[in-house]
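For reference, the structure discussed in these notes is given below.
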There are 2 protein chains.
Amino acid sequence: MAGNTGTKGVPREEREQQILDVAVEEFGRRAYANASMTRIAEAAGISKPLIYSYFDSKDGLFLACLHRAGANLVEQVEAAQTGPMLSRALDTLAAIVRTLEPRRYDWAVLYDATLPEGTAVHDTAMQYRKKLAALGAAGVTELLAGKANPDDASLLTHLWLHSVSAAVGWWLEHPEETAESITARVMRLASLLAESAR
Amino acid sequence: MAGNTGTKGVPREEREQQILDVAVEEFGRRAYANASMTRIAEAAGISKPLIYSYFDSKDGLFLACLHRAGANLVEQVEAAQTGPMLSRALDTLAAIVRTLEPRRYDWAVLYDATLPEGTAVHDTAMQYRKKLAALGAAGVTELLAGKANPDDASLLTHLWLHSVSAAVGWWLEHPEETAESITARVMRLASLLAESAR
DNA sequence: GTGAACTGACTTACGAGTAAGTTACCCGAG
DNA sequence: CTCGGGTAACTTACTCGTAAGTCAGTTCAC
């Protein structure tokens with residue numbers, strides 16, 4: 001009889017994507033440490049055991065979110081490393097923001113500050129962060145062109161990555177903004193600052 | 001007889017400071033959500049109930065850390081808002097870094113991303129953040145001098161605060177650096193960037 | 001009828017918070 | 001100076017709630 005049990009006819013692949021979408025939002029909003037599997041299940045309209053049967057564990061679910069977000073971002077950012085140095089940084093930011101458009105919380109998942117050290121989750125996030133940092137560092141090196149020591153370059157790379165985080169964070173607080181409007185704002189600010197520094 | 005019980009003769013005031021120092025480190029490293037009262041007690045070489053008798057709760061302990069960090073930072077940053085616009089940003093950064101020198105994790109506590117919304121802990125952190133943001137916003141407004149719309153200014157303020165966070169974060173990964181060396185690095189980078197933008 | 005999609009109800013671990021008691025320091029009375 | 005008693009500084013050993021993870025199934029599509 002119509003208890004709540006039994007299949008609903010949703011194929012695994014589709015259900016997995018749906019769970020991932022919900023999970024990214026929960027992980028992005030509350031961070032890994034505060035995220036609750038029960039809440040994810042409720043938000044997805046299914047029960048907890050189904051999630052476990054598809055993703056094994058909280059870590060497994062987070063890893064799946066991470067891979068989707070990380071691989072996507074690395075790919076898009078790599079593709080943006082072509083133009084002349086002057087505009088490359090802006091191109092990269094545009095690529096990131098465009099990639100994040102459909103799922104803005106992907107960035108928060110990748111840069112979650114609550115991942116316990118020494119776990120697979122932490123290590124995997126670190127790998128993706130390192131890849132993005134390496135891409136940023138390449139640009140920074142070229143920009144500085146030997147005019148600064150390696151530690152200064154490392155610091156600038158760090159500043160660059162965090163500026164992107166800041167822009168994405170601001171975007172999350174201003175949902176009505178689009179990828180284009182954000183990029184445009186940053187471009188305006190960049191030229192205003194350059195002018196002020198004259 | 002000499003069980004582990006009974007007073008050790010440490011006066012409350014002194015013990016409280018010691019607990020706070022340990023707690024800031026734990027909260028700063030692991031973030032509020034992952035921090036454990038048991039671990040703080042162990043690291044401080046005392047038992048959990050003593051912490052509770054002095055600070056009431058995990059929230060109470062965190063609040064105490066917050067007030068020490070927040071009040072200190074707000075005061076020092078306010079004092080740095082005097083020079084001409086050109087150097088004010090650098091002065092502010094220098095003030096922050098100098099203030100953080102004895103307890104670098106204060107910044108991480110103030111900007112902990114895992115504070116549950118709607119709690120006293122979250123609200124208090126927000127108040128201090130807002131104060132610092134307001135100081136930053138004042139500088140940004142003066143710098144832009146009406147040449148940008150309010151949303152652009154808001155974004156720039158956000159970028160500024162996150163850049164400070166980034167610098168502090170880099171510092172935590174390079175413990176051998178001093179307040180002065182960090183400030184010097186940022187100054188060098190700022191002038192290099194200004195030159196590149198020419 | 002068989003396997004994939006699903007669930008209600010459980011167990012378990014861990015961390016916040018507490019009850020009840022122990023010891024050492026301090027200070028006033030003799 | 002010294003001998004109690006009161007209180008501040010402590011601890012061991014608990015309770016209790018919450019969230020991860022699991023068991024034993026039920027139902028539907030093919």
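By convention in this document, the chains of the structure tokens carry letters A, B, ... by their order, each chain's residues are numbered from 1, and ligands are numbered from 1 in the order they are shown.
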
What residues in chain B have any atom no more than 6 Å from chain A when counting only C-alpha atoms, and can you write them as a compact mmCIF listing (two decimals) with N, CA and C atoms, in the first residue's frame?
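Listing of iface.txt after writing:
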```
# COMPACT_ATOMS: atom_id res chain seq x y z
N LEU B 159 36.78 43.81 -1.18
CA LEU B 159 38.08 43.37 -1.71
C LEU B 159 39.20 43.77 -0.77
N HIS B 162 39.25 41.53 2.35
CA HIS B 162 39.73 40.19 2.05
C HIS B 162 41.21 40.20 1.71
N SER B 163 41.69 41.30 1.19
CA SER B 163 43.13 41.38 0.94
C SER B 163 43.90 41.38 2.24
N ALA B 166 43.93 37.96 3.38
CA ALA B 166 44.89 37.18 2.59
C ALA B 166 46.30 37.39 3.11
N ALA B 194 51.43 49.39 -9.34
CA ALA B 194 51.11 50.72 -9.85
C ALA B 194 51.95 51.03 -11.08
N ALA B 197 50.76 49.12 -14.19
CA ALA B 197 49.49 49.60 -14.72
C ALA B 197 49.67 50.87 -15.54
```

Which chain C residues have any atom within 7 Å of an atom of chain B, and for each, what is the nearest pair of atoms with distance in Å to one decimal, counting only C-alpha atoms (C1' of nucleotides), rows sorted by chain and number, as CSV?
```
residue,atom,partner,partner_atom,distance
C:DT22,C1',B:Gly6,CA,5.6
C:DT23,C1',B:Gly6,CA,3.6
C:DA24,C1',B:Thr7,CA,5.6
```

At a cut-off of 8 Å, can you tabulate as a tab-separated table every residue of chain D near chain A together with its closest atom pair and the distance in Å to one decimal, using only C-alpha atoms (C1' of nucleotides) and ordering rows by chain then number?
```
residue	atom	partner	partner_atom	distance
D:DA19	C1'	A:Ser36	CA	7.1
D:DA20	C1'	A:Lys58	CA	7.9
D:DG21	C1'	A:Ser57	CA	7.7
D:DT26	C1'	A:Gly6	CA	5.8
D:DT27	C1'	A:Gly6	CA	3.7
D:DC28	C1'	A:Thr7	CA	5.6
D:DA29	C1'	A:Gly9	CA	7.3
```

Could you write those residues out with N, CA and C atoms (P, O5', C5', C4', C3', O3' and C1' of nucleotides), as a compact mmCIF listing (two decimals), in the first residue's frame?
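Final file, again_20.txt:
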```txt
# COMPACT_ATOMS: atom_id res chain seq x y z
P DA D 19 22.39 18.10 14.71
O5' DA D 19 23.43 17.38 13.76
C5' DA D 19 24.80 17.28 14.16
C4' DA D 19 25.35 15.97 13.65
C3' DA D 19 24.79 15.53 12.29
O3' DA D 19 25.86 14.99 11.54
C1' DA D 19 24.48 13.82 13.84
P DA D 20 25.75 14.57 10.00
O5' DA D 20 26.64 13.25 9.90
C5' DA D 20 27.93 13.24 10.49
C4' DA D 20 28.36 11.81 10.76
C3' DA D 20 28.30 10.90 9.54
O3' DA D 20 29.45 10.06 9.56
C1' DA D 20 26.90 10.04 11.27
P DG D 21 29.92 9.29 8.24
O5' DG D 21 29.12 7.93 8.41
C5' DG D 21 29.46 7.11 9.54
C4' DG D 21 28.40 6.05 9.71
C3' DG D 21 28.04 5.23 8.46
O3' DG D 21 28.35 3.87 8.74
C1' DG D 21 26.14 5.80 9.72
P DT D 26 8.60 -6.19 4.53
O5' DT D 26 8.44 -4.89 3.61
C5' DT D 26 7.98 -3.68 4.17
C4' DT D 26 7.81 -2.68 3.05
C3' DT D 26 6.87 -3.15 1.94
O3' DT D 26 6.03 -2.06 1.62
C1' DT D 26 8.96 -2.54 1.02
P DT D 27 4.67 -2.32 0.77
O5' DT D 27 5.06 -1.76 -0.67
C5' DT D 27 5.41 -0.38 -0.77
C4' DT D 27 6.04 -0.15 -2.12
C3' DT D 27 5.21 -0.62 -3.31
O3' DT D 27 5.12 0.49 -4.16
C1' DT D 27 7.46 -1.28 -3.54
P DC D 28 3.83 0.76 -5.09
O5' DC D 28 4.51 0.95 -6.52
C5' DC D 28 5.51 1.95 -6.66
C4' DC D 28 6.56 1.47 -7.60
C3' DC D 28 6.04 1.12 -9.02
O3' DC D 28 6.73 1.95 -9.91
C1' DC D 28 7.62 -0.45 -8.23
P DA D 29 6.08 2.23 -11.38
O5' DA D 29 7.22 1.62 -12.31
C5' DA D 29 8.48 2.29 -12.38
C4' DA D 29 9.48 1.40 -13.10
C3' DA D 29 9.06 0.99 -14.51
O3' DA D 29 10.18 1.14 -15.36
C1' DA D 29 9.51 -0.94 -13.22
```

Do you know which residues are at most 12 Å from DG28 (chain C) counting only C-alpha atoms (C1' of nucleotides), after dropping those on the same chain fewer than 3 positions away, and could you put them as JSON, numbers by chain?
-> {"D": [2, 3, 4, 5, 6]}

Region 20-24 of chain B: which residues within 9 Å, counting only C-alpha atoms (C1' of nucleotides), same-chain residues fewer than 2 positions away excluded, as number ranges by chain?
-> B: 15-18, 26-29, 35, 37, 40-41, 43-44, 61-62, 64-66, 103, 105-106, 108-109

I need the chosen residues saved as a CSV table (one decimal), in the first residue's frame, with N, CA and C atoms.
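Dumped everything to result-v4.csv:
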```csv
chain,number,residue,atom,x,y,z
B,15,ARG,N,44.8,32.5,35.2
B,15,ARG,CA,44.3,31.3,34.5
B,15,ARG,C,43.4,31.7,33.3
B,16,GLU,N,42.6,32.7,33.5
B,16,GLU,CA,41.7,33.1,32.4
B,16,GLU,C,42.5,33.5,31.2
B,17,GLN,N,43.5,34.3,31.4
B,17,GLN,CA,44.3,34.7,30.2
B,17,GLN,C,45.0,33.5,29.6
B,18,GLN,N,45.5,32.6,30.4
B,18,GLN,CA,46.1,31.4,29.8
B,18,GLN,C,45.1,30.6,29.0
B,26,GLU,N,43.2,27.4,19.3
B,26,GLU,CA,42.4,26.3,18.9
B,26,GLU,C,41.3,26.8,18.0
B,27,PHE,N,40.6,27.8,18.3
B,27,PHE,CA,39.5,28.4,17.5
B,27,PHE,C,40.1,28.8,16.2
B,28,GLY,N,41.2,29.5,16.2
B,28,GLY,CA,41.8,30.0,15.0
B,28,GLY,C,42.3,28.9,14.0
B,29,ARG,N,42.8,27.8,14.6
B,29,ARG,CA,43.3,26.7,13.7
B,29,ARG,C,42.1,25.9,13.2
B,35,ALA,N,36.4,23.2,16.8
B,35,ALA,CA,37.1,23.3,18.1
B,35,ALA,C,36.5,22.5,19.2
B,37,MET,N,36.2,21.7,23.3
B,37,MET,CA,36.5,22.2,24.7
B,37,MET,C,37.5,21.2,25.4
B,40,ILE,N,40.9,22.0,24.2
B,40,ILE,CA,41.4,23.3,24.8
B,40,ILE,C,41.8,23.0,26.3
B,41,ALA,N,41.0,22.3,27.0
B,41,ALA,CA,41.4,22.0,28.4
B,41,ALA,C,42.7,21.3,28.5
B,43,ALA,N,45.2,21.2,26.3
B,43,ALA,CA,46.3,22.0,25.8
B,43,ALA,C,46.6,23.0,26.9
B,44,ALA,N,45.6,23.4,27.7
B,44,ALA,CA,45.9,24.4,28.8
B,44,ALA,C,46.4,23.7,30.1
B,61,LEU,N,33.2,31.3,26.0
B,61,LEU,CA,34.7,31.3,25.8
B,61,LEU,C,35.0,32.0,24.5
B,62,PHE,N,34.3,31.6,23.5
B,62,PHE,CA,34.5,32.2,22.2
B,62,PHE,C,34.3,33.7,22.2
B,64,ALA,N,34.6,35.7,24.7
B,64,ALA,CA,35.7,36.4,25.4
B,64,ALA,C,36.9,36.5,24.4
B,65,CYS,N,37.2,35.5,23.7
B,65,CYS,CA,38.3,35.6,22.7
B,65,CYS,C,38.0,36.8,21.7
B,66,LEU,N,36.7,36.8,21.2
B,66,LEU,CA,36.2,37.8,20.3
B,66,LEU,C,36.4,39.2,20.8
B,103,ARG,N,49.4,37.8,18.8
B,103,ARG,CA,48.4,36.7,18.6
B,103,ARG,C,47.8,36.7,17.3
B,105,TYR,N,46.3,34.6,15.5
B,105,TYR,CA,45.1,33.9,15.2
B,105,TYR,C,43.9,34.8,15.6
B,106,ASP,N,44.1,35.9,16.2
B,106,ASP,CA,43.0,36.8,16.5
B,106,ASP,C,42.1,37.1,15.3
B,108,ALA,N,41.7,35.3,12.5
B,108,ALA,CA,40.9,34.1,12.1
B,108,ALA,C,39.7,33.9,13.0
B,109,VAL,N,39.9,34.2,14.3
B,109,VAL,CA,38.7,34.1,15.2
B,109,VAL,C,37.7,35.2,14.8
```

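Of note, CA of Arg98 (chain B) and CA of Tyr111 (chain A) are spaced 27.1 Å apart.
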
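The interatomic distance for the pair CA of Ser181 (chain A) and CA of Ala125 (chain A) works out to 28.6 Å.
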